[in-house]
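Here is target_38.cif, consisting of mmCIF, C-alpha atoms and all ligand atoms:
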```
data_query
#
loop_
_atom_site.label_atom_id
_atom_site.label_comp_id
_atom_site.auth_asym_id
_atom_site.auth_seq_id
_atom_site.Cartn_x
_atom_site.Cartn_y
_atom_site.Cartn_z
CA MET A 1 10.30 6.46 21.59
CA ASP A 2 11.07 10.06 20.89
CA ARG A 3 7.73 11.56 21.58
CA ARG A 4 7.96 14.94 23.23
CA THR A 5 5.98 15.76 26.29
CA PHE A 6 2.60 16.94 25.30
CA VAL A 7 2.04 20.32 26.87
CA LYS A 8 -1.34 21.84 26.78
CA ILE A 9 -1.19 25.58 26.62
CA SER A 10 -4.04 26.90 28.67
CA GLY A 11 -5.72 29.89 27.26
CA ALA A 12 -4.77 29.09 23.71
CA VAL A 13 -7.37 30.52 21.49
CA ALA A 14 -8.47 28.69 18.41
CA ALA A 15 -9.22 31.49 16.05
CA GLN A 16 -12.16 29.93 14.34
CA SER A 17 -12.08 31.56 10.99
CA ALA A 18 -15.38 31.38 9.24
CA VAL A 19 -14.58 29.98 5.86
CA LEU A 20 -17.58 27.75 5.42
CA SER A 21 -18.58 29.48 2.26
CA VAL A 22 -16.02 27.29 0.50
CA TRP A 23 -18.69 24.63 0.48
CA GLU A 24 -20.72 26.38 -2.11
CA ALA A 25 -17.82 25.92 -4.48
CA ALA A 26 -16.92 22.44 -3.26
CA ALA A 27 -20.47 21.33 -3.84
CA GLN A 28 -19.87 21.81 -7.55
CA SER A 29 -17.24 19.04 -7.55
CA PRO A 30 -17.71 15.94 -9.65
CA PRO A 31 -19.68 13.14 -8.01
CA ALA A 32 -17.72 11.23 -5.42
CA GLU A 33 -16.37 7.88 -6.51
CA PRO A 34 -15.48 5.07 -4.19
CA ALA A 35 -11.84 5.45 -3.25
CA GLN A 36 -9.43 3.16 -1.55
CA SER A 37 -9.39 3.95 2.14
CA LEU A 38 -6.35 4.16 4.31
CA ILE A 39 -6.31 3.08 7.93
CA ASN A 40 -6.52 5.78 10.58
CA PRO A 41 -3.68 5.05 13.04
CA PHE A 42 -5.46 6.92 15.80
CA THR A 43 -8.26 4.37 15.91
CA GLN A 44 -5.92 1.37 15.84
CA GLN A 45 -4.26 -0.61 18.59
CA GLY A 46 -0.50 -0.79 18.48
CA GLN A 47 2.69 1.04 19.30
CA TRP A 48 4.18 4.13 17.71
CA PHE A 49 7.54 3.70 16.02
CA LYS A 50 9.58 6.60 14.71
CA ALA A 51 10.89 5.80 11.25
CA ALA A 52 13.45 7.10 8.76
CA LEU A 53 12.44 5.72 5.38
CA HIS A 54 14.92 7.42 3.03
CA VAL A 55 18.56 7.15 4.10
CA HIS A 56 21.92 7.20 2.29
CA THR A 57 25.35 5.96 3.33
CA THR A 58 28.79 5.63 1.77
CA THR A 59 27.40 2.69 -0.19
CA SER A 60 26.26 5.45 -2.52
CA ASP A 61 26.68 9.18 -1.86
CA GLY A 62 26.25 9.47 1.90
CA ASP A 63 28.95 10.71 4.25
CA VAL A 64 29.15 7.79 6.69
CA ASP A 65 28.95 4.02 6.46
CA VAL A 66 25.96 1.89 7.35
CA PRO A 67 26.88 1.10 10.99
CA THR A 68 27.59 4.77 11.69
CA ARG A 69 24.35 5.93 10.06
CA LEU A 70 22.30 3.38 11.97
CA ALA A 71 23.95 4.43 15.23
CA GLN A 72 23.08 8.06 14.47
CA TYR A 73 19.42 7.25 14.04
CA ARG A 74 19.35 4.99 17.06
CA ALA A 75 20.82 7.81 19.13
CA ALA A 76 18.19 10.17 17.74
CA GLY A 77 15.43 7.96 19.11
CA TYR A 78 14.32 6.13 15.97
CA GLN A 79 13.06 2.56 16.00
CA VAL A 80 12.91 1.98 12.22
CA VAL A 81 15.52 2.84 9.59
CA ALA A 82 15.32 1.90 5.92
CA VAL A 83 18.69 2.20 4.20
CA THR A 84 18.01 3.25 0.62
CA ASP A 85 21.23 3.92 -1.26
CA HIS A 86 21.12 4.75 -4.93
CA TRP A 87 20.75 1.53 -6.94
CA LYS A 88 22.40 -0.55 -4.18
CA THR A 89 21.16 -2.61 -1.28
CA ASN A 90 23.18 -3.22 1.89
CA ASP A 91 23.83 -6.26 4.03
CA LEU A 92 21.89 -5.38 7.18
CA SER A 93 22.06 -8.80 8.81
CA GLY A 94 22.61 -8.47 12.53
CA CYS A 95 21.67 -4.77 12.57
CA SER A 96 18.17 -5.18 14.00
CA ASP A 97 17.17 -6.08 17.54
CA ASP A 98 14.07 -5.93 19.72
CA GLN A 99 14.19 -2.14 19.86
CA PHE A 100 15.47 -1.27 16.41
CA LEU A 101 14.39 -2.48 12.99
CA CYS A 102 16.54 -2.05 9.89
CA ILE A 103 14.95 -2.46 6.48
CA SER A 104 16.97 -3.14 3.36
CA GLY A 105 16.04 -0.88 0.49
CA MET A 106 17.27 1.09 -2.49
CA GLU A 107 16.55 4.33 -4.32
CA ALA A 108 16.08 3.67 -8.03
CA HIS A 109 15.95 6.17 -10.89
CA PRO A 110 14.26 4.85 -14.01
CA ARG A 111 13.55 7.16 -16.92
CA THR A 112 10.26 8.95 -17.24
CA GLY A 113 8.18 8.57 -20.36
CA THR A 114 7.82 12.32 -20.74
CA GLY A 115 11.46 13.29 -21.04
CA ALA A 116 11.35 14.86 -17.56
CA PRO A 117 14.20 14.05 -15.16
CA THR A 118 14.21 10.46 -13.95
CA HIS A 119 11.79 9.14 -11.39
CA HIS A 120 13.17 8.64 -7.91
CA PHE A 121 11.60 5.62 -6.27
CA VAL A 122 12.35 4.74 -2.66
CA CYS A 123 12.07 0.96 -2.59
CA LEU A 124 11.61 -0.69 0.80
CA ASN A 125 12.20 -4.29 1.82
CA LEU A 126 14.44 -5.65 -0.88
CA PRO A 127 16.64 -8.65 -0.19
CA HIS A 128 20.41 -8.22 -0.30
CA PRO A 129 21.96 -8.44 -2.77
CA PHE A 130 19.29 -7.21 -5.15
CA GLU A 131 19.82 -5.66 -8.54
CA LEU A 132 17.55 -3.66 -10.77
CA ALA A 133 18.59 -3.02 -14.34
CA ARG A 134 19.07 0.70 -14.86
CA ASP A 135 17.43 0.64 -18.26
CA LEU A 136 14.22 -0.97 -17.03
CA PRO A 137 11.08 0.96 -17.89
CA ALA A 138 9.73 2.61 -14.77
CA GLN A 139 6.64 0.45 -14.46
CA ALA A 140 8.62 -2.74 -14.98
CA LEU A 141 10.97 -1.64 -12.24
CA ILE A 142 8.11 -1.04 -9.81
CA ASP A 143 6.67 -4.42 -10.72
CA GLN A 144 9.99 -6.12 -10.02
CA VAL A 145 10.21 -4.47 -6.63
CA ILE A 146 6.67 -5.53 -5.76
CA ASN A 147 7.30 -9.06 -6.97
CA ALA A 148 10.34 -9.21 -4.69
CA GLY A 149 8.15 -8.28 -1.71
CA GLY A 150 9.03 -4.61 -1.71
CA LYS A 151 7.05 -1.39 -1.46
CA VAL A 152 7.65 1.76 -3.47
CA ILE A 153 7.36 5.39 -2.39
CA TYR A 154 7.33 8.17 -4.98
CA ALA A 155 10.14 10.51 -3.90
CA HIS A 156 10.34 14.31 -3.98
CA PRO A 157 8.34 15.12 -7.15
CA TYR A 158 8.72 18.89 -6.70
CA TRP A 159 12.52 18.70 -6.61
CA THR A 160 12.51 16.40 -9.65
CA ALA A 161 10.24 18.81 -11.56
CA HIS A 162 7.55 16.18 -11.89
CA SER A 163 3.91 16.86 -12.50
CA LEU A 164 0.84 14.70 -12.35
CA GLU A 165 1.80 13.44 -15.79
CA GLU A 166 4.94 11.76 -14.50
CA MET A 167 3.32 10.63 -11.25
CA THR A 168 0.46 8.89 -13.04
CA GLU A 169 2.41 7.25 -15.83
CA VAL A 170 3.28 4.57 -13.28
CA SER A 171 1.27 2.83 -10.60
CA GLY A 172 1.78 0.50 -7.70
CA TYR A 173 3.53 2.88 -5.33
CA VAL A 174 2.00 3.04 -1.87
CA GLY A 175 3.02 6.54 -0.88
CA ILE A 176 4.51 9.84 -1.87
CA GLU A 177 7.01 11.97 -0.01
CA VAL A 178 4.94 14.85 1.31
CA PHE A 179 8.19 16.26 2.67
CA ASN A 180 11.86 15.67 1.87
CA ALA A 181 14.28 17.55 4.11
CA VAL A 182 17.29 17.55 1.79
CA CYS A 183 15.21 18.95 -1.06
CA GLN A 184 13.97 21.63 1.33
CA LEU A 185 17.50 22.49 2.43
CA ALA A 186 18.88 22.47 -1.10
CA CYS A 187 16.38 24.62 -2.92
CA ASN A 188 13.21 25.08 -0.89
CA LYS A 189 11.46 22.33 -2.84
CA GLY A 190 10.89 19.86 -0.06
CA HIS A 191 7.12 20.23 0.26
CA ASN A 192 5.02 18.10 -2.06
CA SER A 193 1.55 18.49 -0.60
CA VAL A 194 0.08 19.92 -3.81
CA HIS A 195 1.46 16.97 -5.76
CA TRP A 196 -0.05 14.68 -3.16
CA ASP A 197 -3.47 16.31 -3.38
CA GLN A 198 -3.42 16.04 -7.15
CA LEU A 199 -2.94 12.29 -6.82
CA LEU A 200 -5.71 12.07 -4.24
CA ASN A 201 -8.04 14.02 -6.50
CA LYS A 202 -7.37 11.50 -9.24
CA GLY A 203 -8.53 8.75 -6.91
CA ARG A 204 -5.05 7.57 -6.03
CA ILE A 205 -5.42 7.39 -2.27
CA VAL A 206 -1.79 7.01 -1.27
CA ALA A 207 -0.08 7.88 2.00
CA GLY A 208 2.32 10.77 2.57
CA VAL A 209 5.69 10.20 4.22
CA ALA A 210 8.20 12.74 5.51
CA THR A 211 11.85 11.87 5.12
CA ASP A 212 15.33 13.24 5.74
CA ASP A 213 16.83 11.75 2.56
CA VAL A 214 19.96 12.13 4.66
CA HIS A 215 23.25 12.33 2.81
CA ALA A 216 25.28 14.32 5.36
CA THR A 217 25.17 13.79 9.10
CA GLY A 218 23.66 17.20 9.84
CA GLN A 219 20.56 16.28 7.86
CA ILE A 220 19.22 13.79 10.39
CA ASN A 221 15.90 14.10 12.22
CA LEU A 222 14.34 16.78 10.03
CA GLY A 223 11.43 14.76 8.66
CA TRP A 224 10.11 11.42 9.89
CA THR A 225 7.18 9.04 9.89
CA MET A 226 5.39 7.90 13.07
CA ILE A 227 4.16 4.39 12.32
CA LYS A 228 1.46 2.63 14.35
CA ALA A 229 2.02 -1.10 14.21
CA PRO A 230 1.23 -4.08 16.42
CA SER A 231 4.90 -5.05 16.64
CA LEU A 232 8.35 -3.99 15.55
CA ASP A 233 8.93 -6.38 12.69
CA THR A 234 9.27 -5.90 8.97
CA ASN A 235 5.89 -7.28 7.96
CA ALA A 236 3.99 -5.27 10.53
CA VAL A 237 5.82 -2.07 9.66
CA LEU A 238 5.45 -2.54 5.90
CA ASN A 239 1.76 -3.31 6.26
CA ALA A 240 1.34 -0.13 8.29
CA ILE A 241 3.16 1.90 5.66
CA GLU A 242 1.10 0.47 2.81
CA SER A 243 -2.18 1.00 4.64
CA GLY A 244 -1.29 4.53 5.71
CA CYS A 245 -1.35 3.65 9.41
CA PHE A 246 0.99 6.50 10.35
CA TYR A 247 1.42 10.24 10.35
CA SER A 248 4.40 12.28 9.24
CA SER A 249 6.15 15.15 10.93
CA CYS A 250 9.00 17.61 11.03
CA GLY A 251 8.30 18.41 14.66
CA PRO A 252 4.67 18.67 15.80
CA ILE A 253 3.07 15.68 17.48
CA ILE A 254 -0.38 14.65 16.32
CA GLU A 255 -1.97 13.13 19.40
CA ASP A 256 -5.30 12.17 17.91
CA CYS A 257 -7.36 12.62 14.79
CA ARG A 258 -10.67 10.99 13.97
CA ILE A 259 -13.97 11.52 12.25
CA GLU A 260 -17.13 11.01 14.29
CA GLU A 261 -20.65 11.92 13.33
CA GLY A 262 -19.70 14.33 10.62
CA THR A 263 -16.95 16.07 12.56
CA ILE A 264 -13.21 15.67 12.19
CA ARG A 265 -11.22 16.47 15.33
CA VAL A 266 -7.48 16.68 15.78
CA VAL A 267 -5.36 17.08 18.91
CA THR A 268 -1.74 18.14 18.58
CA SER A 269 1.22 19.57 20.40
CA PRO A 270 1.04 23.39 20.43
CA VAL A 271 0.86 24.73 16.89
CA ARG A 272 -0.06 28.00 15.26
CA GLN A 273 -2.25 26.63 12.49
CA ILE A 274 -4.38 23.57 11.76
CA SER A 275 -5.69 22.99 8.25
CA PHE A 276 -8.22 20.53 6.94
CA PHE A 277 -7.79 19.71 3.26
CA PHE A 278 -10.31 17.86 1.16
CA ASP A 279 -11.07 17.35 -2.49
CA GLY A 280 -13.02 19.69 -4.64
CA ALA A 281 -12.82 23.34 -5.48
CA ALA A 282 -11.87 25.52 -2.50
CA GLY A 283 -11.34 22.28 -0.60
CA GLY A 284 -9.91 23.52 2.63
CA HIS A 285 -10.63 24.97 6.04
CA VAL A 286 -8.01 26.57 8.26
CA VAL A 287 -7.95 27.40 11.97
CA ARG A 288 -5.30 29.86 13.13
CA ALA A 289 -4.19 30.73 16.65
CA GLY A 290 -4.30 34.33 17.71
CA ALA A 291 -1.16 36.43 17.55
CA GLY A 292 1.46 35.02 19.92
CA GLN A 293 -0.76 32.13 20.89
CA THR A 294 -0.97 28.46 20.05
CA LEU A 295 -3.71 25.90 19.77
CA THR A 296 -3.72 22.20 20.51
CA THR A 297 -7.00 21.13 19.01
CA ALA A 298 -9.36 21.99 16.22
CA GLN A 299 -12.42 20.46 14.75
CA TRP A 300 -14.47 20.95 11.70
CA ASN A 301 -18.02 19.88 11.26
CA PHE A 302 -18.80 18.94 7.73
CA GLY A 303 -22.08 17.25 8.59
CA ASN A 304 -24.12 16.20 5.64
CA ARG A 305 -21.45 17.44 3.27
CA GLN A 306 -19.49 14.25 3.95
CA PRO A 307 -20.68 12.43 0.82
CA LYS A 308 -18.95 15.13 -1.18
CA CYS A 309 -15.63 14.43 0.52
CA ARG A 310 -13.68 11.63 -1.03
CA TRP A 311 -10.78 12.34 1.31
CA ILE A 312 -9.87 14.65 4.15
CA ARG A 313 -6.41 15.18 5.58
CA VAL A 314 -4.99 17.41 8.30
CA GLU A 315 -1.86 19.52 8.20
CA VAL A 316 -0.50 21.44 11.20
CA VAL A 317 2.27 24.04 11.47
CA ASP A 318 3.96 25.08 14.69
CA GLN A 319 5.57 28.37 15.61
CA ASP A 320 8.93 27.23 14.20
CA ASP A 321 7.24 26.58 10.83
CA LYS A 322 7.55 22.83 11.34
CA TYR A 323 4.80 20.79 9.73
CA ALA A 324 3.02 17.53 10.44
CA TRP A 325 0.51 15.69 8.25
CA THR A 326 -2.11 13.03 8.76
CA ASN A 327 -2.89 10.69 5.93
CA PRO A 328 -6.14 11.15 4.05
CA MET A 329 -9.17 9.71 5.75
CA ARG A 330 -12.85 9.75 5.12
ZN ZN A 401 16.17 11.14 -4.88
ZN ZN A 402 17.68 9.92 -1.81
#
```
Would you mind writing the file's structure down as structure tokens?
Amino acid sequence: MDRRTFVKISGAVAAQSAVLSVWEAAAQSPPAEPAQSLINPFTQQGQWFKAALHVHTTTSDGDVDVPTRLAQYRAAGYQVVAVTDHWKTNDLSGCSDDQFLCISGMEAHPRTGTGAPTHHFVCLNLPHPFELARDLPAQALIDQVINAGGKVIYAHPYWTAHSLEEMTEVSGYVGIEVFNAVCQLACNKGHNSVHWDQLLNKGRIVAGVATDDVHATGQINLGWTMIKAPSLDTNAVLNAIESGCFYSSCGPIIEDCRIEEGTIRVVTSPVRQISFFFDGAAGGHVVRAGAGQTLTTAQWNFGNRQPKCRWIRVEVVDQDDKYAWTNPMR
């Protein structure tokens, strides 16, 4: 496992900014509706597995073949790699072992109904060979993937110029890319947290994954997903992905995050900022370290305001501007 040593910085000051007045506005939000809940990995038993869930090879437009790509991720400390070439699956038989799980997948690009650029769906756990007709309507394509035992992640909506309209014309996907490294490198459109929150506000409680979307070798290990699962096998890992039993990162480690008695607490590697996001107007609370300092924990007491919160998620940023995200919880 590639978890960095957790170093507590003594003397770090959590600059507790007083932003509680946001609640006056948040209290005007529409009544809370029951929402699907994700599983908090920090309250679950299991092991952490570092995962790359969006990966290309020379089977489509990547720069190295499957064995080379898998070796790169293995060397980088990953335990899970999903190979997701454009429209093509790969034969991954014999690639997995007790320490390393390979998942056959595909990235598919059905048309949108709005005339916007095509959807990009990262499809996980497809048998090989597996074919999807390129003229399938988007929802039919998702349904075929699900019927084949697969899971779908909505990829990089910012880069694809997608809005809530495109994201909600289909259903059945279990997550959205909150971060895509290649989109960030290409045009600074790798962050999709606003898109994610829009889905959450519509009652679509989906998880957020960070990915490399690696095409060239230098794009490895820029965004990953830390999955908590009881074992390193495809079913356990897919169940964890679907249920949101993971967090995502570009660097920071989230050590713990849980809600107890009206307070959400998070413990991280040293970071410069910890944000709590929730639904509703002005739905956020941020804790910043003092100048030149870091913090490793923050908490926010929302007390009896909890019924107003349909979801809460945490986002941290370190001093290198690397992010990490928990999934929404409540
Ligand atoms: Zn794509
Ligand atoms: Zn891709």
Within-7 Å residues of ligand ZN 401 (chain A), basis all atoms listed in the file, as a PyMOL selection string: chain A and resi 107+120+155-156
Counting only C-alpha atoms and all ligand atoms, the residue among A:Asn147, A:Asn180, A:Thr89, A:Ser163 that lies closest to ligand ZN 402 (chain A) is A:Asn180
Identify, counting all atoms listed in the file, the protein, DNA and RNA residues located within 8 Å of ligand ZN 402 (chain A), and give them as a compact mmCIF listing (two decimals) with C-alpha atoms, in the frame of the given file.
```
# COMPACT_ATOMS: atom_id res chain seq x y z
CA HIS A 54 14.92 7.42 3.03
CA VAL A 55 18.56 7.15 4.10
CA HIS A 56 21.92 7.20 2.29
CA THR A 84 18.01 3.25 0.62
CA ASP A 85 21.23 3.92 -1.26
CA HIS A 86 21.12 4.75 -4.93
CA GLU A 107 16.55 4.33 -4.32
CA HIS A 120 13.17 8.64 -7.91
CA VAL A 122 12.35 4.74 -2.66
CA ALA A 155 10.14 10.51 -3.90
CA ASP A 213 16.83 11.75 2.56
CA VAL A 214 19.96 12.13 4.66
CA HIS A 215 23.25 12.33 2.81
```
Given all atoms listed in the file, how would the per-residue table for range 198-226 of chain A near range 240-260 of chain A read, listing every residue at most 12 Å away with its closest atom pair and distance in Å to one decimal, sorted by chain and number, as a tab-separated table?
```
residue	atom	partner	partner_atom	distance
A:Ile205	CA	A:Gly244	CA	9.4
A:Val206	CA	A:Gly244	CA	7.4
A:Ala207	CA	A:Gly244	CA	5.1
A:Gly208	CA	A:Ser248	CA	7.1
A:Val209	CA	A:Ser248	CA	5.6
A:Ala210	CA	A:Ser248	CA	5.3
A:Thr211	CA	A:Ser248	CA	8.5
A:Asp212	CA	A:Cys250	CA	9.3
A:Ile220	CA	A:Cys250	CA	10.9
A:Asn221	CA	A:Cys250	CA	7.8
A:Leu222	CA	A:Cys250	CA	5.5
A:Gly223	CA	A:Cys250	CA	4.4
A:Trp224	CA	A:Ser249	CA	5.5
A:Thr225	CA	A:Ser248	CA	4.3
A:Met226	CA	A:Tyr247	CA	5.4
```
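A straight line drawn from CA of Gly175 in chain A to CA of Asn90 in chain A is 22.6 Å long.
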Check: In Å to one decimal, how far is CA of Thr160 in chain A from CA of Val64 in chain A?
Finding: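 Answer for the CA of Val64 in chain A to CA of Thr160 in chain A separation: 24.9 Å.
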Answer as a count of residues only, residues within 12 Å of (-4.9, 6.2, -1.5) using only C-alpha atoms: 38
What separates CA of Val194 in chain A and CA of Val317 in chain A is a distance of 16.0 Å
Range 264-277 of chain A surroundings by only C-alpha atoms, 9 Å radius, close-in-sequence under 2 positions cut, as a ChimeraX atom specification
/A:4-9,12,14,197,252-262,279,283-302,311-322,328
Of the residues A:Asn239, A:Trp159, A:Ser104, A:Leu232, which is the one nearest to Gln184 in chain A, using all atoms listed in the file?
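Comparing A:Asn239, A:Trp159, A:Ser104, A:Leu232 against Gln184 in chain A, the winner is A:Trp159.
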Considering all atoms listed in the file, can you say which of A:Gln144, A:Asn125, A:Ser96, A:Ser193 comes closest to Tyr158 in chain A?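 Smallest separation from Tyr158 in chain A among the options: A:Ser193.
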Write out as a PyMOL selection string which residues come within 12 Å of Ala148 in chain A when counting all atoms listed in the file, dropping same-chain ones fewer than 4 positions away. chain A and resi 105+123-132+141-144+152
Provide an axis-aligned box for all listed atoms of range 116-122 of chain A, padding each side by 5 Å; report its centre and its edge lengths in Å to one decimal, as lines of an AutoDock Vina configuration file.
```
center_x = 12.8
center_y = 9.8
center_z = -10.1
size_x = 12.9
size_y = 20.1
size_z = 24.9
```
Exercise for review: Can you work out which one of A:Ser93, A:Ser231, A:Asn188, A:Thr168 has the shortest atom-to-atom distance to Phe49 in chain A, counting all atoms listed in the file?
Suggested key: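 Smallest separation from Phe49 in chain A among the options: A:Ser231.
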Can you tell me, as a list in words, what residues are no more than 9 Å from range 113-117 of chain A when counting only C-alpha atoms, ignoring any on the same chain fewer than 2 positions away? Arg111, His119, Pro137, Ala138, Thr160, Ala161, His162, Glu165, Glu166 and Glu169 of chain A
